[in-house]
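*Asks:* Provided below: structure-v7.pdb, containing PDB, C-alpha atoms.
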```pdb
ATOM      1  CA  MET A 597      98.804 115.876 150.044
ATOM      2  CA  GLN A 598     101.647 118.361 150.265
ATOM      3  CA  GLY A 599     101.594 121.049 152.936
ATOM      4  CA  ARG A 600     103.494 122.846 155.676
ATOM      5  CA  ASP A 601     104.542 121.621 159.127
ATOM      6  CA  PHE A 602     104.439 123.655 162.350
ATOM      7  CA  LEU A 603     105.211 123.208 166.033
ATOM      8  CA  VAL A 604     103.650 125.166 168.915
ATOM      9  CA  ALA A 605     105.148 125.114 172.417
ATOM     10  CA  GLY A 606     104.063 126.462 175.771
ATOM     11  CA  ASP A 607     106.010 129.690 175.304
ATOM     12  CA  GLY A 608     103.564 130.703 172.593
ATOM     13  CA  LYS A 609     106.086 130.467 169.778
ATOM     14  CA  LEU A 610     105.071 129.056 166.405
ATOM     15  CA  GLN A 611     107.915 127.294 164.632
ATOM     16  CA  ALA A 612     107.878 126.329 160.958
ATOM     17  CA  CYS A 613     109.358 122.855 160.497
ATOM     18  CA  LYS A 614     110.779 121.025 157.534
ATOM     19  CA  SER A 615     108.152 118.946 155.724
ATOM     20  CA  ALA A 616     108.775 115.635 154.057
ATOM     21  CA  ARG A 617     107.958 115.692 150.359
ATOM     22  CA  ALA A 618     104.721 113.857 149.578
ATOM     23  CA  TRP A 619     106.318 111.742 146.860
ATOM     24  CA  ASP A 620     108.968 110.563 149.321
ATOM     25  CA  LEU A 621     106.213 109.198 151.571
ATOM     26  CA  LEU A 622     104.325 107.143 149.003
ATOM     27  CA  ARG A 623     103.760 103.585 150.256
ATOM     28  CA  GLU A 624     101.607 100.898 148.737
ATOM     29  CA  ASN A 625      98.903  99.615 151.103
ATOM     30  CA  TYR A 626      99.815 102.019 153.905
ATOM     31  CA  ARG A 627      96.783 101.677 156.156
ATOM     32  CA  LEU A 628      95.704 102.774 159.619
ATOM     33  CA  TYR A 629      96.935  99.593 161.308
ATOM     34  CA  ARG A 630     100.441 100.125 159.938
ATOM     35  CA  PHE A 631     100.381 103.770 161.004
ATOM     36  CA  LEU A 632      99.391 102.744 164.543
ATOM     37  CA  THR A 633     102.211 100.207 164.694
ATOM     38  CA  GLU A 634     104.787 102.752 163.537
ATOM     39  CA  VAL A 635     103.464 105.348 166.008
ATOM     40  CA  GLU A 636     103.835 102.796 168.794
ATOM     41  CA  ASP A 637     107.439 102.170 167.711
ATOM     42  CA  VAL A 638     108.200 105.891 167.937
ATOM     43  CA  LEU A 639     106.538 106.204 171.357
ATOM     44  CA  ASN A 640     108.545 103.240 172.648
ATOM     45  CA  ASP A 641     111.885 104.067 171.052
ATOM     46  CA  VAL A 642     112.114 107.882 171.080
ATOM     47  CA  GLU A 643     111.936 109.384 174.567
ATOM     48  CA  ASP A 644     112.936 112.960 173.740
ATOM     49  CA  GLU A 645     109.792 114.882 172.792
ATOM     50  CA  SER A 646     111.706 117.288 170.554
ATOM     51  CA  SER A 647     112.717 114.278 168.449
ATOM     52  CA  ARG A 648     109.431 112.416 168.827
ATOM     53  CA  LEU A 649     107.109 115.049 167.372
ATOM     54  CA  PRO A 650     108.936 115.363 164.012
ATOM     55  CA  GLU A 651     108.805 111.568 163.629
ATOM     56  CA  LEU A 652     105.094 111.522 164.444
ATOM     57  CA  ARG A 653     104.339 114.395 162.066
ATOM     58  CA  MET A 654     106.043 112.452 159.281
ATOM     59  CA  LEU A 655     103.912 109.375 160.015
ATOM     60  CA  VAL A 656     100.727 111.460 159.978
ATOM     61  CA  ARG A 657     101.721 112.954 156.637
ATOM     62  CA  ARG A 658     102.512 109.495 155.271
ATOM     63  CA  LEU A 659      99.061 108.302 156.312
ATOM     64  CA  ILE A 660      97.097 111.171 154.798
ATOM     65  CA  VAL A 661      99.146 110.978 151.585
ATOM     66  CA  ASN A 662      98.484 107.272 151.127
ATOM     67  CA  SER A 663      95.079 106.557 152.660
ATOM     68  CA  TYR A 664      92.020 107.839 150.825
ATOM     69  CA  TRP A 665      89.930 105.952 153.404
ATOM     70  CA  VAL A 666      91.334 108.041 156.266
ATOM     71  CA  ARG A 667      90.849 111.270 154.322
ATOM     72  CA  SER A 668      87.199 110.377 153.713
ATOM     73  CA  GLN A 669      86.262 109.434 157.296
ATOM     74  CA  HIS A 670      84.393 112.315 158.898
ATOM     75  CA  LEU A 671      80.930 113.315 160.037
ATOM     76  CA  GLU A 672      78.832 116.291 159.095
ATOM     77  CA  PRO A 673      78.997 119.056 161.730
ATOM     78  CA  CYS A 674      76.261 118.897 164.365
ATOM     79  CA  PRO A 675      73.624 121.591 163.664
ATOM     80  CA  LYS A 676      73.480 122.535 167.372
ATOM     81  CA  THR A 677      77.176 122.693 168.268
ATOM     82  CA  GLY A 678      78.752 123.268 164.852
ATOM     83  CA  THR A 679      81.226 120.432 165.468
ATOM     84  CA  SER A 680      81.414 116.649 165.298
ATOM     85  CA  VAL A 681      84.041 114.098 166.294
ATOM     86  CA  LEU A 682      84.534 110.689 164.689
ATOM     87  CA  LEU A 683      86.645 108.486 166.950
ATOM     88  CA  MET A 684      88.808 106.198 164.822
ATOM     89  CA  TYR A 685      90.994 104.638 167.505
ATOM     90  CA  ASP A 686      91.047 104.736 171.312
ATOM     91  CA  GLU A 687      92.157 101.495 172.933
ATOM     92  CA  LEU A 688      92.200 101.026 176.698
ATOM     93  CA  GLY A 689      95.762 100.768 177.975
ATOM     94  CA  PHE A 690      97.384 102.357 174.929
ATOM     95  CA  PRO A 691      98.150 106.096 175.156
ATOM     96  CA  LEU A 692      96.789 107.171 171.791
ATOM     97  CA  THR A 693      93.596 108.730 170.450
ATOM     98  CA  VAL A 694      92.945 109.084 166.726
ATOM     99  CA  GLN A 695      89.937 111.018 165.434
ATOM    100  CA  THR A 696      88.618 113.307 162.761
ATOM    101  CA  VAL A 697      86.958 116.568 163.767
ATOM    102  CA  THR A 698      84.567 118.604 161.623
ATOM    103  CA  PHE A 699      83.832 122.304 162.230
ATOM    104  CA  ALA A 700      81.044 124.188 160.472
ATOM    105  CA  PRO A 701      82.181 127.488 158.921
ATOM    106  CA  GLY A 702      82.529 130.172 161.581
ATOM    107  CA  THR A 703      82.682 127.718 164.496
ATOM    108  CA  SER A 704      85.297 128.479 167.134
ATOM    109  CA  SER A 705      86.813 126.484 169.985
ATOM    110  CA  THR A 706      87.645 127.654 173.460
ATOM    111  CA  ILE A 707      91.196 128.667 174.376
ATOM    112  CA  HIS A 708      92.756 125.454 175.666
ATOM    113  CA  ASN A 709      95.737 123.179 175.970
ATOM    114  CA  HIS A 710      95.619 119.386 175.691
ATOM    115  CA  GLY A 711      97.723 118.162 178.591
ATOM    116  CA  THR A 712      99.522 115.902 176.115
ATOM    117  CA  TRP A 713     101.257 116.121 172.763
ATOM    118  CA  GLY A 714      99.010 116.484 169.731
ATOM    119  CA  ILE A 715      99.191 116.551 165.950
ATOM    120  CA  VAL A 716      96.454 118.009 163.729
ATOM    121  CA  ALA A 717      96.375 117.681 159.944
ATOM    122  CA  VAL A 718      93.905 119.721 157.895
ATOM    123  CA  LEU A 719      92.101 117.482 155.396
ATOM    124  CA  LYS A 720      89.446 119.852 154.052
ATOM    125  CA  GLY A 721      88.523 123.500 154.449
ATOM    126  CA  GLN A 722      90.535 126.127 156.288
ATOM    127  CA  GLU A 723      91.381 126.664 159.933
ATOM    128  CA  LYS A 724      92.721 129.673 161.811
ATOM    129  CA  ASN A 725      94.852 128.694 164.784
ATOM    130  CA  THR A 726      95.424 131.420 167.343
ATOM    131  CA  ILE A 727      98.421 130.770 169.589
ATOM    132  CA  TRP A 728      98.372 131.848 173.241
ATOM    133  CA  ARG A 729     100.714 131.749 176.203
ATOM    134  CA  ARG A 730     100.380 132.200 179.919
ATOM    135  CA  ASN A 731     101.228 135.710 181.096
ATOM    136  CA  PRO A 732     100.557 135.626 184.851
ATOM    137  CA  SER A 733     100.294 138.762 186.929
ATOM    138  CA  PRO A 734     100.057 139.224 190.728
ATOM    139  CA  ASP A 735      96.271 139.447 190.554
ATOM    140  CA  ALA A 736      95.701 136.935 187.716
ATOM    141  CA  GLU A 737      97.742 133.740 187.821
ATOM    142  CA  ASN A 738      96.034 132.298 184.739
ATOM    143  CA  ARG A 739      96.124 135.345 182.485
ATOM    144  CA  VAL A 740      96.792 134.416 178.841
ATOM    145  CA  GLU A 741      97.743 136.549 175.871
ATOM    146  CA  ALA A 742      97.629 135.871 172.144
ATOM    147  CA  THR A 743     101.053 135.653 170.532
ATOM    148  CA  GLY A 744     100.095 135.084 166.895
ATOM    149  CA  GLU A 745      97.976 133.134 164.468
ATOM    150  CA  ILE A 746      98.392 130.847 161.502
ATOM    151  CA  HIS A 747      95.963 130.160 158.663
ATOM    152  CA  LEU A 748      96.037 126.427 157.865
ATOM    153  CA  LEU A 749      95.035 124.892 154.529
ATOM    154  CA  PRO A 750      94.528 121.270 153.410
ATOM    155  CA  GLY A 751      97.801 119.377 153.784
ATOM    156  CA  ASP A 752      99.107 121.573 156.597
ATOM    157  CA  ILE A 753     100.067 119.846 159.850
ATOM    158  CA  ILE A 754     100.449 121.539 163.225
ATOM    159  CA  SER A 755     101.824 119.849 166.342
ATOM    160  CA  PHE A 756     101.640 120.816 169.997
ATOM    161  CA  THR A 757     103.619 120.181 173.138
ATOM    162  CA  PRO A 758     101.476 119.332 176.211
ATOM    163  CA  ASP A 759     101.609 122.907 177.543
ATOM    164  CA  ALA A 760     100.924 124.642 174.206
ATOM    165  CA  ILE A 761      97.781 126.805 174.275
ATOM    166  CA  HIS A 762      95.633 127.538 171.231
ATOM    167  CA  SER A 763      92.149 128.176 169.909
ATOM    168  CA  VAL A 764      90.793 127.329 166.486
ATOM    169  CA  GLU A 765      88.213 128.787 164.126
ATOM    170  CA  ALA A 766      86.872 127.291 160.918
ATOM    171  CA  VAL A 767      87.152 129.933 158.218
ATOM    172  CA  GLY A 768      85.958 129.933 154.633
ATOM    173  CA  ASP A 769      82.688 128.752 153.126
ATOM    174  CA  GLU A 770      82.902 124.993 153.677
ATOM    175  CA  PRO A 771      83.291 122.788 156.775
ATOM    176  CA  THR A 772      86.814 122.238 158.050
ATOM    177  CA  VAL A 773      87.876 118.615 158.600
ATOM    178  CA  THR A 774      91.002 117.707 160.558
ATOM    179  CA  PHE A 775      92.753 114.437 161.382
ATOM    180  CA  ASN A 776      93.879 114.542 165.004
ATOM    181  CA  VAL A 777      96.278 112.330 166.966
ATOM    182  CA  TYR A 778      96.808 112.793 170.707
ATOM    183  CA  GLY A 779      98.842 111.089 173.383
ATOM    184  CA  GLU A 780      97.539 110.241 176.839
ATOM    185  CA  THR A 781      96.015 113.346 178.397
ATOM    186  CA  ASP A 782      96.956 114.263 181.950
ATOM    187  CA  PRO A 783      93.572 115.509 183.249
ATOM    188  CA  LYS A 784      95.300 117.573 185.926
ATOM    189  CA  GLU A 785      97.143 119.550 183.230
ATOM    190  CA  ARG A 786      94.384 120.171 180.674
ATOM    191  CA  PHE A 787      92.719 123.566 180.960
ATOM    192  CA  GLU A 788      90.291 125.924 179.269
ATOM    193  CA  PHE A 789      91.304 129.563 179.635
ATOM    194  CA  ASN A 790      89.073 132.625 179.852
ATOM    195  CA  PRO A 791      90.920 135.723 178.570
ATOM    196  CA  VAL A 792      88.432 138.088 180.254
ATOM    197  CA  THR A 793      88.084 136.626 183.752
ATOM    198  CA  HIS A 794      91.618 135.095 183.694
ATOM    199  CA  ILE A 795      90.222 131.847 185.060
ATOM    200  CA  ALA A 796      91.530 128.433 184.018
ATOM    201  CA  LYS A 797      89.214 125.493 184.556
ATOM    202  CA  LYS A 798      89.695 121.777 183.960
ATOM    203  CA  PHE A 799      88.789 120.890 180.388
TER     204      PHE A 799
END
```
Please go through the file and, once you have read it, give me the structure as structure tokens.

*Replies:*
Amino acid sequence: MQGRDFLVAGDGKLQACKSARAWDLLRENYRLYRFLTEVEDVLNDVEDESSRLPELRMLVRRLIVNSYWVRSQHLEPCPKTGTSVLLMYDELGFPLTVQTVTFAPGTSSTIHNHGTWGIVAVLKGQEKNTIWRRNPSPDAENRVEATGEIHLLPGDIISFTPDAIHSVEAVGDEPTVTFNVYGETDPKERFEFNPVTHIAKKF
């Protein structure tokens, strides 16, 4: 599954990154357990986040290229909320969450950060990511402003630093399915932002 790679940081800048070629990532019997082991190696051995995220993006791409099982694991969107989450891995004591998320067409998220690094790969459908940044003023400490947007297609991967702020919308005529990997969230640093009231609340 060939696609593009992106990085979003807290300054609201969207950076296009070099993508590994799908045929260079082909591995026989590359399964979720092997992916988790290699992710753990990166988390243990690479302390610099600017070096860690490219390594993790490559592992995510290797997994979605080689594992039909992973690409097929998702739920139908909930009729009430328009979204569903299938948790694939979340082990106590290990700072990693792996899940697939399904959005019904037209469903949007709040404006939020994650309080940890994150990597999202689009498996099906289309997703519009709007990038935001904090733009505080004397009367509104948590004011945010949109800095751009990117239209993601199947095979595209976008990664986030802990302070990166974004919102997503499923576009097109079919549900959007993403494969998401997150580190350990710092609950004191994860917020949902309101662009009208300029209030940030714990998320």

*Asks:* Would you write out, as an NGL selection string, every residue that the PyMOL selection byres ((chain A and resi 708) around 9) captures in this file?

*Replies:* :A and (705-707 or 709-710 or 728 or 760-763 or 786-789 or 796 or 799)

*Asks:* Applied to this file, what does the PyMOL selection byres ((chain A and resi 695) around 9) return in terms of residues, put as a PyMOL selection string?

*Replies:* chain A and resi 670+681-686+693-694+696-697+774-778

*Asks:* Mind checking which residues fall within 12 Å of Pro732 of chain A, counting only C-alpha atoms, ignoring those fewer than 2 positions away in the same chain, and posting them as number ranges by chain?

*Replies:* A: 729-730, 734-741, 791, 794-796

*Asks:* The PyMOL selection byres ((chain A and resi 784) around 8) on the file shown: which residues, as an NGL selection string?

*Replies:* :A and (711 or 782-783 or 785-786 or 798)

*Asks:* Give the answer as one residue: which of A:Arg658, A:Lys614, A:Arg648, A:Lys797 has the shortest atom-to-atom distance to Trp713 of chain A, using all atoms listed in the file?

*Replies:* A:Arg648

*Asks:* So how far away is atom CA of Met654 of chain A from atom CA of Thr772 of chain A, in Å?

*Replies:*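 Straight-line distance from atom CA of Thr772 of chain A to atom CA of Met654 of chain A works out to 21.6 Å.
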
*Asks:* What is the atom CA of Asn731 of chain A to atom CA of Ala605 of chain A distance in Å?

*Replies:* 14.2 Å

*Asks:* Could you tell me how far atom CA of Lys609 of chain A lies from atom CA of Ser733 of chain A, in Å and to one decimal?

*Replies:* 19.9 Å
